[in-house]
file start.cif (mmCIF, C-alpha atoms)
data_final
#
loop_
_atom_site.group_PDB
_atom_site.id
_atom_site.type_symbol
_atom_site.label_atom_id
_atom_site.label_comp_id
_atom_site.auth_asym_id
_atom_site.auth_seq_id
_atom_site.Cartn_x
_atom_site.Cartn_y
_atom_site.Cartn_z
ATOM 1 C CA MET A 10 88.230 108.092 31.959
ATOM 2 C CA ALA A 11 90.777 110.469 33.380
ATOM 3 C CA ASP A 12 89.990 112.306 36.585
ATOM 4 C CA ILE A 13 87.825 115.415 35.980
ATOM 5 C CA LYS A 14 90.339 117.747 37.610
ATOM 6 C CA GLU A 15 93.142 116.303 35.515
ATOM 7 C CA VAL A 16 91.159 116.895 32.293
ATOM 8 C CA LEU A 17 90.244 120.446 33.318
ATOM 9 C CA ALA A 18 93.847 121.269 34.223
ATOM 10 C CA LYS A 19 94.981 120.220 30.737
ATOM 11 C CA SER A 20 92.099 121.889 28.900
ATOM 12 C CA ALA A 21 92.516 125.111 26.926
ATOM 13 C CA LEU A 22 89.823 126.759 29.035
ATOM 14 C CA PHE A 23 90.872 125.944 32.580
ATOM 15 C CA LYS A 24 94.615 125.397 32.319
ATOM 16 C CA GLY A 25 95.334 128.869 33.755
ATOM 17 C CA LEU A 26 93.551 128.155 37.049
ATOM 18 C CA SER A 27 95.339 127.349 40.299
ATOM 19 C CA ASP A 28 94.676 124.101 42.147
ATOM 20 C CA ALA A 29 92.335 125.870 44.576
ATOM 21 C CA GLU A 30 90.455 127.557 41.720
ATOM 22 C CA LEU A 31 90.028 124.229 39.896
ATOM 23 C CA ASP A 32 88.516 122.804 43.091
ATOM 24 C CA GLN A 33 85.785 125.469 42.866
ATOM 25 C CA VAL A 34 84.886 124.362 39.335
ATOM 26 C CA LEU A 35 84.762 120.623 40.127
ATOM 27 C CA PRO A 36 81.324 120.577 41.869
ATOM 28 C CA LEU A 37 79.751 122.010 38.686
ATOM 29 C CA CYS A 38 81.067 119.176 36.494
ATOM 30 C CA HIS A 39 79.492 115.884 35.378
ATOM 31 C CA LYS A 40 80.977 113.055 33.338
ATOM 32 C CA LYS A 41 78.919 111.919 30.361
ATOM 33 C CA SER A 42 79.523 109.271 27.667
ATOM 34 C CA TYR A 43 78.040 109.141 24.186
ATOM 35 C CA ALA A 44 78.090 106.676 21.289
ATOM 36 C CA ALA A 45 79.413 107.580 17.841
ATOM 37 C CA GLY A 46 76.848 109.573 15.863
ATOM 38 C CA PHE A 47 75.030 110.973 18.913
ATOM 39 C CA SER A 48 74.287 114.713 18.858
ATOM 40 C CA VAL A 49 75.355 116.148 22.211
ATOM 41 C CA ILE A 50 73.935 119.601 21.463
ATOM 42 C CA SER A 51 71.710 120.899 18.664
ATOM 43 C CA GLU A 52 71.755 124.291 16.982
ATOM 44 C CA GLY A 53 68.908 126.478 18.255
ATOM 45 C CA ASP A 54 68.512 124.677 21.597
ATOM 46 C CA VAL A 55 68.807 126.559 24.900
ATOM 47 C CA ALA A 56 72.496 126.430 25.871
ATOM 48 C CA LYS A 57 72.571 124.803 29.306
ATOM 49 C CA ASP A 58 75.971 123.126 29.506
ATOM 50 C CA LEU A 59 79.502 123.865 28.368
ATOM 51 C CA TYR A 60 81.496 120.761 27.366
ATOM 52 C CA ILE A 61 85.136 119.729 27.518
ATOM 53 C CA ILE A 62 86.069 116.591 25.557
ATOM 54 C CA ALA A 63 87.840 114.110 27.833
ATOM 55 C CA GLU A 64 88.223 111.334 25.264
ATOM 56 C CA GLY A 65 87.092 111.057 21.665
ATOM 57 C CA LYS A 66 86.197 113.527 18.940
ATOM 58 C CA VAL A 67 83.225 115.728 18.112
ATOM 59 C CA ILE A 68 82.194 117.225 14.781
ATOM 60 C CA VAL A 69 80.554 120.645 14.988
ATOM 61 C CA GLU A 70 78.154 121.632 12.233
ATOM 62 C CA MET A 71 76.093 124.706 11.499
ATOM 63 C CA SER A 72 73.218 125.218 9.099
ATOM 64 C CA LEU A 73 73.548 127.804 6.375
ATOM 65 C CA SER A 74 70.934 129.665 4.395
ATOM 66 C CA VAL A 75 72.601 129.431 1.023
ATOM 67 C CA TYR A 76 69.558 130.813 -0.771
ATOM 68 C CA PRO A 77 66.311 132.116 0.743
ATOM 69 C CA GLY A 78 64.340 129.097 1.921
ATOM 70 C CA MET A 79 67.210 126.678 1.280
ATOM 71 C CA VAL A 80 69.053 125.619 4.426
ATOM 72 C CA GLN A 81 71.937 123.170 4.294
ATOM 73 C CA GLU A 82 73.921 121.553 7.083
ATOM 74 C CA ALA A 83 77.595 122.206 6.513
ATOM 75 C CA LEU A 84 80.376 120.132 8.037
ATOM 76 C CA ILE A 85 82.614 122.603 9.729
ATOM 77 C CA GLU A 86 85.343 121.087 11.856
ATOM 78 C CA THR A 87 86.429 118.372 14.243
ATOM 79 C CA VAL A 88 86.993 119.226 17.905
ATOM 80 C CA PRO A 89 89.694 117.066 19.518
ATOM 81 C CA SER A 90 90.241 115.912 23.087
ATOM 82 C CA GLU A 91 90.652 118.586 25.821
ATOM 83 C CA GLU A 92 88.974 121.223 23.648
ATOM 84 C CA PRO A 93 85.659 122.879 24.534
ATOM 85 C CA PHE A 94 82.390 123.174 22.626
ATOM 86 C CA GLY A 95 78.985 124.600 23.527
ATOM 87 C CA TRP A 96 80.390 127.803 25.014
ATOM 88 C CA SER A 97 77.114 129.599 24.236
ATOM 89 C CA ALA A 98 76.200 128.330 27.726
ATOM 90 C CA VAL A 99 78.405 131.085 29.184
ATOM 91 C CA VAL A 100 78.608 133.658 26.387
ATOM 92 C CA GLY A 101 76.129 135.649 24.327
ATOM 93 C CA SER A 102 72.541 134.625 23.680
ATOM 94 C CA ARG A 103 72.570 131.288 25.640
ATOM 95 C CA VAL A 104 71.368 129.482 22.516
ATOM 96 C CA TYR A 105 73.614 126.901 20.834
ATOM 97 C CA THR A 106 74.749 128.158 17.442
ATOM 98 C CA MET A 107 76.156 124.784 16.344
ATOM 99 C CA THR A 108 75.224 121.119 16.405
ATOM 100 C CA ALA A 109 77.900 118.884 17.950
ATOM 101 C CA ARG A 110 77.890 115.195 16.965
ATOM 102 C CA CYS A 111 80.257 112.503 18.227
ATOM 103 C CA ALA A 112 82.623 111.296 15.504
ATOM 104 C CA GLU A 113 83.419 108.264 17.680
ATOM 105 C CA ALA A 114 82.588 107.006 21.170
ATOM 106 C CA THR A 115 83.183 110.142 23.230
ATOM 107 C CA ARG A 116 83.422 111.025 26.912
ATOM 108 C CA VAL A 117 82.882 114.612 27.960
ATOM 109 C CA ILE A 118 82.789 116.788 31.043
ATOM 110 C CA ALA A 119 79.559 118.785 31.098
ATOM 111 C CA ILE A 120 79.628 121.996 33.145
ATOM 112 C CA ASP A 121 76.419 123.799 34.076
ATOM 113 C CA GLY A 122 76.600 127.239 32.411
ATOM 114 C CA GLU A 123 74.450 129.112 34.941
ATOM 115 C CA GLN A 124 76.440 127.761 37.878
ATOM 116 C CA LEU A 125 79.712 128.538 36.128
ATOM 117 C CA LEU A 126 78.581 132.130 35.514
ATOM 118 C CA SER A 127 77.663 132.428 39.204
ATOM 119 C CA LEU A 128 81.153 131.247 40.096
ATOM 120 C CA PHE A 129 82.671 133.832 37.721
ATOM 121 C CA ASN A 130 80.580 136.635 39.224
ATOM 122 C CA GLY A 131 81.646 135.661 42.732
ATOM 123 C CA SER A 132 85.273 135.079 41.739
ATOM 124 C CA PRO A 133 85.960 137.373 38.768
ATOM 125 C CA ALA A 134 89.664 136.421 38.704
ATOM 126 C CA ILE A 135 88.545 132.890 37.729
ATOM 127 C CA GLY A 136 86.106 134.346 35.200
ATOM 128 C CA PHE A 137 88.838 136.473 33.650
ATOM 129 C CA LYS A 138 91.222 133.524 33.253
ATOM 130 C CA VAL A 139 88.578 131.218 31.776
ATOM 131 C CA MET A 140 87.327 133.903 29.374
ATOM 132 C CA GLU A 141 90.916 134.603 28.367
ATOM 133 C CA GLY A 142 91.336 130.879 27.622
ATOM 134 C CA LEU A 143 88.092 130.899 25.665
ATOM 135 C CA ALA A 144 89.203 133.946 23.667
ATOM 136 C CA GLU A 145 92.349 132.018 22.680
ATOM 137 C CA VAL A 146 90.272 128.996 21.656
ATOM 138 C CA VAL A 147 87.908 131.079 19.516
ATOM 139 C CA ASP A 148 90.785 133.010 17.937
ATOM 140 C CA ALA A 149 92.612 129.743 17.157
ATOM 141 C CA ARG A 150 89.421 128.362 15.565
ATOM 142 C CA ILE A 151 89.105 131.475 13.374
ATOM 143 C CA LYS A 152 92.681 131.008 12.164
ATOM 144 C CA SER A 153 92.223 127.247 11.728
ATOM 145 C CA VAL A 154 89.019 127.683 9.699
ATOM 146 C CA MET A 155 90.760 130.191 7.417
ATOM 147 C CA ARG A 156 93.891 128.034 7.073
ATOM 148 C CA THR A 157 91.821 124.983 6.148
ATOM 149 C CA ALA A 158 89.617 126.895 3.741
ATOM 150 C CA PHE A 159 92.338 128.722 1.912
ATOM 151 C CA ALA A 160 95.207 126.208 2.044
ATOM 152 C CA MET B 18 83.027 165.903 19.335
ATOM 153 C CA ALA B 19 82.649 163.187 21.964
ATOM 154 C CA THR B 20 85.512 162.561 24.377
ATOM 155 C CA ILE B 21 87.323 159.227 24.437
ATOM 156 C CA LYS B 22 85.536 158.359 27.669
ATOM 157 C CA GLN B 23 82.116 159.129 26.169
ATOM 158 C CA VAL B 24 82.867 156.953 23.130
ATOM 159 C CA LEU B 25 83.996 154.078 25.337
ATOM 160 C CA SER B 26 80.964 154.365 27.632
ATOM 161 C CA ALA B 27 78.664 153.959 24.609
ATOM 162 C CA SER B 28 80.589 150.998 23.161
ATOM 163 C CA GLU B 29 79.455 147.363 23.330
ATOM 164 C CA LEU B 30 82.637 146.351 25.119
ATOM 165 C CA PHE B 31 82.971 149.023 27.793
ATOM 166 C CA LYS B 32 79.393 150.166 28.488
ATOM 167 C CA GLY B 33 78.344 149.688 32.081
ATOM 168 C CA LEU B 34 81.848 150.143 33.487
ATOM 169 C CA THR B 35 82.145 152.466 36.474
ATOM 170 C CA ASP B 36 83.336 156.027 35.993
ATOM 171 C CA GLU B 37 86.667 155.120 37.555
ATOM 172 C CA GLU B 38 87.093 152.059 35.319
ATOM 173 C CA LEU B 39 86.279 154.097 32.208
ATOM 174 C CA ASP B 40 88.896 156.690 33.225
ATOM 175 C CA LYS B 41 91.544 153.961 33.377
ATOM 176 C CA VAL B 42 90.688 152.627 29.924
ATOM 177 C CA ALA B 43 90.324 156.105 28.424
ATOM 178 C CA ALA B 44 93.843 156.979 29.609
ATOM 179 C CA LEU B 45 95.164 154.292 27.223
ATOM 180 C CA GLY B 46 93.188 155.506 24.201
ATOM 181 C CA ARG B 47 93.861 157.945 21.410
ATOM 182 C CA MET B 48 91.515 159.258 18.720
ATOM 183 C CA GLU B 49 92.377 158.324 15.115
ATOM 184 C CA VAL B 50 90.714 159.129 11.807
ATOM 185 C CA TYR B 51 90.847 157.021 8.631
ATOM 186 C CA GLU B 52 89.743 157.977 5.128
ATOM 187 C CA LYS B 53 87.560 155.691 3.038
ATOM 188 C CA GLY B 54 89.625 152.700 1.883
ATOM 189 C CA ALA B 55 92.440 153.197 4.396
ATOM 190 C CA PRO B 56 93.614 150.123 6.351
ATOM 191 C CA LEU B 57 93.408 150.157 10.167
ATOM 192 C CA PHE B 58 95.495 146.991 10.248
ATOM 193 C CA VAL B 59 96.570 144.223 7.912
ATOM 194 C CA GLN B 60 96.258 140.431 8.308
ATOM 195 C CA GLY B 61 99.618 139.018 9.414
ATOM 196 C CA ALA B 62 100.992 142.378 10.635
ATOM 197 C CA THR B 63 102.183 142.797 14.244
ATOM 198 C CA ALA B 64 99.098 143.128 16.455
ATOM 199 C CA ARG B 65 99.640 146.272 18.513
ATOM 200 C CA ASP B 66 96.398 148.235 18.813
ATOM 201 C CA PHE B 67 92.804 147.396 19.541
ATOM 202 C CA TYR B 68 90.077 149.639 18.046
ATOM 203 C CA VAL B 69 86.668 150.901 19.138
ATOM 204 C CA VAL B 70 84.709 152.449 16.256
ATOM 205 C CA GLU B 71 83.080 155.785 17.068
ATOM 206 C CA LEU B 72 81.851 156.781 13.598
ATOM 207 C CA GLY B 73 81.718 155.001 10.255
ATOM 208 C CA ARG B 74 82.022 151.391 9.199
ATOM 209 C CA VAL B 75 85.020 149.063 9.077
ATOM 210 C CA ALA B 76 85.218 145.833 7.023
ATOM 211 C CA LEU B 77 87.068 142.819 8.407
ATOM 212 C CA ASN B 78 88.611 141.074 5.416
ATOM 213 C CA THR B 79 90.720 138.032 4.683
ATOM 214 C CA GLY B 80 92.971 137.543 1.691
ATOM 215 C CA ILE B 81 92.367 134.389 -0.355
ATOM 216 C CA SER B 82 93.906 132.752 -3.372
ATOM 217 C CA SER B 83 91.182 132.186 -5.943
ATOM 218 C CA GLY B 84 93.335 130.032 -8.199
ATOM 219 C CA ALA B 85 95.841 130.673 -10.962
ATOM 220 C CA GLY B 86 97.851 132.802 -8.557
ATOM 221 C CA VAL B 87 95.087 135.388 -8.301
ATOM 222 C CA ASN B 88 94.694 136.837 -4.816
ATOM 223 C CA LYS B 89 91.593 138.666 -3.711
ATOM 224 C CA GLU B 90 90.075 139.932 -0.499
ATOM 225 C CA ILE B 91 86.703 138.866 0.845
ATOM 226 C CA SER B 92 84.810 140.601 3.629
ATOM 227 C CA VAL B 93 83.782 138.428 6.582
ATOM 228 C CA GLU B 94 82.280 141.038 8.901
ATOM 229 C CA SER B 95 81.198 144.674 9.062
ATOM 230 C CA ILE B 96 82.103 146.596 12.244
ATOM 231 C CA LYS B 97 79.820 149.521 13.039
ATOM 232 C CA SER B 98 79.770 152.408 15.498
ATOM 233 C CA GLY B 99 80.129 151.129 19.077
ATOM 234 C CA GLN B 100 81.735 147.855 18.004
ATOM 235 C CA SER B 101 85.393 146.827 18.197
ATOM 236 C CA CYS B 102 88.094 145.028 16.234
ATOM 237 C CA GLY B 103 91.720 144.002 16.594
ATOM 238 C CA TYR B 104 91.312 141.550 19.489
ATOM 239 C CA SER B 105 94.578 139.812 18.600
ATOM 240 C CA ALA B 106 96.381 142.814 20.128
ATOM 241 C CA VAL B 107 94.725 142.281 23.524
ATOM 242 C CA LYS B 108 95.220 138.525 23.642
ATOM 243 C CA GLY B 109 98.949 138.780 23.089
ATOM 244 C CA GLU B 110 98.736 137.207 19.634
ATOM 245 C CA PRO B 111 101.780 138.215 17.575
ATOM 246 C CA VAL B 112 99.809 139.085 14.424
ATOM 247 C CA TYR B 113 96.326 140.161 13.334
ATOM 248 C CA ALA B 114 94.118 137.270 12.151
ATOM 249 C CA LEU B 115 92.209 139.492 9.692
ATOM 250 C CA SER B 116 92.599 142.827 7.912
ATOM 251 C CA ALA B 117 90.470 145.878 8.774
ATOM 252 C CA LYS B 118 89.683 148.597 6.236
ATOM 253 C CA ALA B 119 87.583 151.764 6.481
ATOM 254 C CA VAL B 120 84.525 151.350 4.232
ATOM 255 C CA GLU B 121 83.718 155.029 4.710
ATOM 256 C CA PRO B 122 85.400 157.832 6.667
ATOM 257 C CA VAL B 123 85.971 156.409 10.127
ATOM 258 C CA ARG B 124 86.808 157.761 13.567
ATOM 259 C CA VAL B 125 88.101 155.259 16.129
ATOM 260 C CA ILE B 126 89.647 155.018 19.569
ATOM 261 C CA ALA B 127 92.922 153.097 19.270
ATOM 262 C CA ILE B 128 94.082 151.394 22.473
ATOM 263 C CA ASP B 129 97.451 149.761 23.070
ATOM 264 C CA GLY B 130 96.488 146.077 23.370
ATOM 265 C CA LYS B 131 99.244 145.046 25.766
ATOM 266 C CA ARG B 132 98.479 147.863 28.196
ATOM 267 C CA LEU B 133 94.751 147.132 28.011
ATOM 268 C CA TYR B 134 95.420 143.472 28.831
ATOM 269 C CA GLU B 135 97.553 144.466 31.828
ATOM 270 C CA LEU B 136 94.785 146.783 33.054
ATOM 271 C CA LEU B 137 92.164 144.021 32.738
ATOM 272 C CA GLU B 138 94.382 141.507 34.511
ATOM 273 C CA GLU B 139 95.026 143.915 37.402
ATOM 274 C CA ASN B 140 91.300 144.681 37.737
ATOM 275 C CA PRO B 141 89.540 141.286 37.505
ATOM 276 C CA VAL B 142 85.980 142.593 38.008
ATOM 277 C CA MET B 143 86.348 144.834 34.971
ATOM 278 C CA GLY B 144 88.626 142.271 33.309
ATOM 279 C CA TYR B 145 86.065 139.479 33.503
ATOM 280 C CA ARG B 146 83.264 141.674 32.210
ATOM 281 C CA VAL B 147 85.260 143.049 29.264
ATOM 282 C CA MET B 148 86.898 139.709 28.373
ATOM 283 C CA SER B 149 83.498 138.001 28.401
ATOM 284 C CA ARG B 150 82.185 140.548 25.905
ATOM 285 C CA MET B 151 85.307 140.130 23.783
ATOM 286 C CA VAL B 152 84.637 136.382 23.595
ATOM 287 C CA ALA B 153 81.031 137.060 22.502
ATOM 288 C CA SER B 154 82.303 139.361 19.774
ATOM 289 C CA LEU B 155 85.000 136.885 18.670
ATOM 290 C CA SER B 156 82.396 134.105 18.570
ATOM 291 C CA ALA B 157 80.265 136.233 16.239
ATOM 292 C CA THR B 158 83.323 136.749 14.026
ATOM 293 C CA LEU B 159 83.962 132.984 14.000
ATOM 294 C CA ARG B 160 80.368 132.348 12.889
ATOM 295 C CA ASN B 161 80.688 134.971 10.157
ATOM 296 C CA VAL B 162 84.005 133.524 8.940
ATOM 297 C CA ARG B 163 82.491 130.017 8.819
ATOM 298 C CA SER B 164 79.408 131.216 6.917
ATOM 299 C CA THR B 165 81.434 133.294 4.476
ATOM 300 C CA ILE B 166 83.789 130.433 3.721
ATOM 301 C CA GLN B 167 81.015 127.881 3.231
ATOM 302 C CA ILE B 168 79.155 130.193 0.892
ATOM 303 C CA PHE B 169 82.374 131.103 -0.934
ATOM 304 C CA ARG B 170 83.110 127.397 -1.518
ATOM 305 C CA ARG B 171 79.791 126.821 -3.289
#

call {"tool": "encode", "arguments": {"input": "start.cif", "output": "structure tokens"}}
result
Amino acid sequence: MADIKEVLAKSALFKGLSDAELDQVLPLCHKKSYAAGFSVISEGDVAKDLYIIAEGKVIVEMSLSVYPGMVQEALIETVPSEEPFGWSAVVGSRVYTMTARCAEATRVIAIDGEQLLSLFNGSPAIGFKVMEGLAEVVDARIKSVMRTAFA
Amino acid sequence: MATIKQVLSASELFKGLTDEELDKVAALGRMEVYEKGAPLFVQGATARDFYVVELGRVALNTGISSGAGVNKEISVESIKSGQSCGYSAVKGEPVYALSAKAVEPVRVIAIDGKRLYELLEENPVMGYRVMSRMVASLSATLRNVRSTIQIFRR
């Protein structure tokens, strides 16, 4: 598995940080490995960690109430290497709004959301850059979902 | 009628900013009024302004092809008083990802997106706070787009 700092530096979320800023994020990170089919996070669970995919692929799914009382799990999209998922750990209600399941053997970097928010509050310039990166990721996902749906 | 600063201070994105911070944002804003059915911006058009809704409701729509060359518009989100739209303009995206149309008579604060971004970048405490709220709002839009599309496909 690539070095954590190397993965962060290439990731959509942290690529805007300087070397010294990346060093401040590193102590909050943990490497984790999962087998194909394993659900890393589940919709409705308390959002503790934010994840960056180091190797592998993850499928994110959300449940939909199509009719009252009828909930279906819908396949939404595949998240590739170096992309984040589980950002509810640092944004909004702190509850995961999606389930993320490994499409293949996958290695991730898990970052503690509370600790990351503390870092942002102490170093808002880092927080601004990471949130800017996250805004780009979310915006790109909106466009990708629409492109796929209406192609 | 409320001043631009008062509207901003009551908005989801800018509430809680200091008086001085609000003054800086307010200096970039201008009041605009749209009649029912009028577009604030159109999907694919150059993303210039970001909008905070003071009064009325705005629909975020996307154009789709429903087969046989028939194009129609579906609504993915409703933006109410105190909420915002047009984030593409702040993030330096060249075009708007969605269209925005006044569902009823609407009064908004329009803010030049590029200048707002520069202000946020120069003032990281405010920048982090506002950008974090923008991400929360964009995430809600993403969820709404996903839900709308899944339901539309059925």

call {"tool": "axis_aligned_box", "arguments": {"input": "start.cif", "around": "range 142-146 of chain B", "padding_each_side": "5 Å", "output": "AutoDock Vina command-line options"}}
result
--center_x 85.9 --center_y 142.2 --center_z 35.1 --size_x 15.4 --size_y 15.4 --size_z 15.8

call {"tool": "interface_residues", "arguments": {"input": "start.cif", "of": "chain B", "to": "chain A", "cutoff": "6 Å", "atoms": "all atoms listed in the file", "output": "ChimeraX atom specification"}}
result
/B:141-142,144-145,148-149,152-153,159

call {"tool": "atom_distance", "arguments": {"input": "start.cif", "atom1": "CA of Leu26 in chain A", "atom2": "CA of Asp129 in chain B"}}
result
26.0 Å

call {"tool": "residues_around", "arguments": {"input": "start.cif", "residues": "range 37-41 of chain A", "least_positions_apart": "5", "cutoff": "9 Å", "atoms": "only C-alpha atoms", "output": "VMD selection string"}}
result
chain A and resid 10 13 63 115 to 122 124 to 125

call {"tool": "atom_distance", "arguments": {"input": "start.cif", "atom1": "CA of Ala18 in chain A", "atom2": "CA of Ala45 in chain A"}}
result
25.8 Å

call {"tool": "atom_distance", "arguments": {"input": "start.cif", "atom1": "CA of Glu135 in chain B", "atom2": "CA of Gly109 in chain B"}}
result
10.5 Å

call {"tool": "closest_residue", "arguments": {"input": "start.cif", "among": "B:Ala55, B:Val69, B:Lys22, B:Ala157", "to": "Glu37 in chain B", "atoms": "all atoms listed in the file"}}
result
B:Lys22
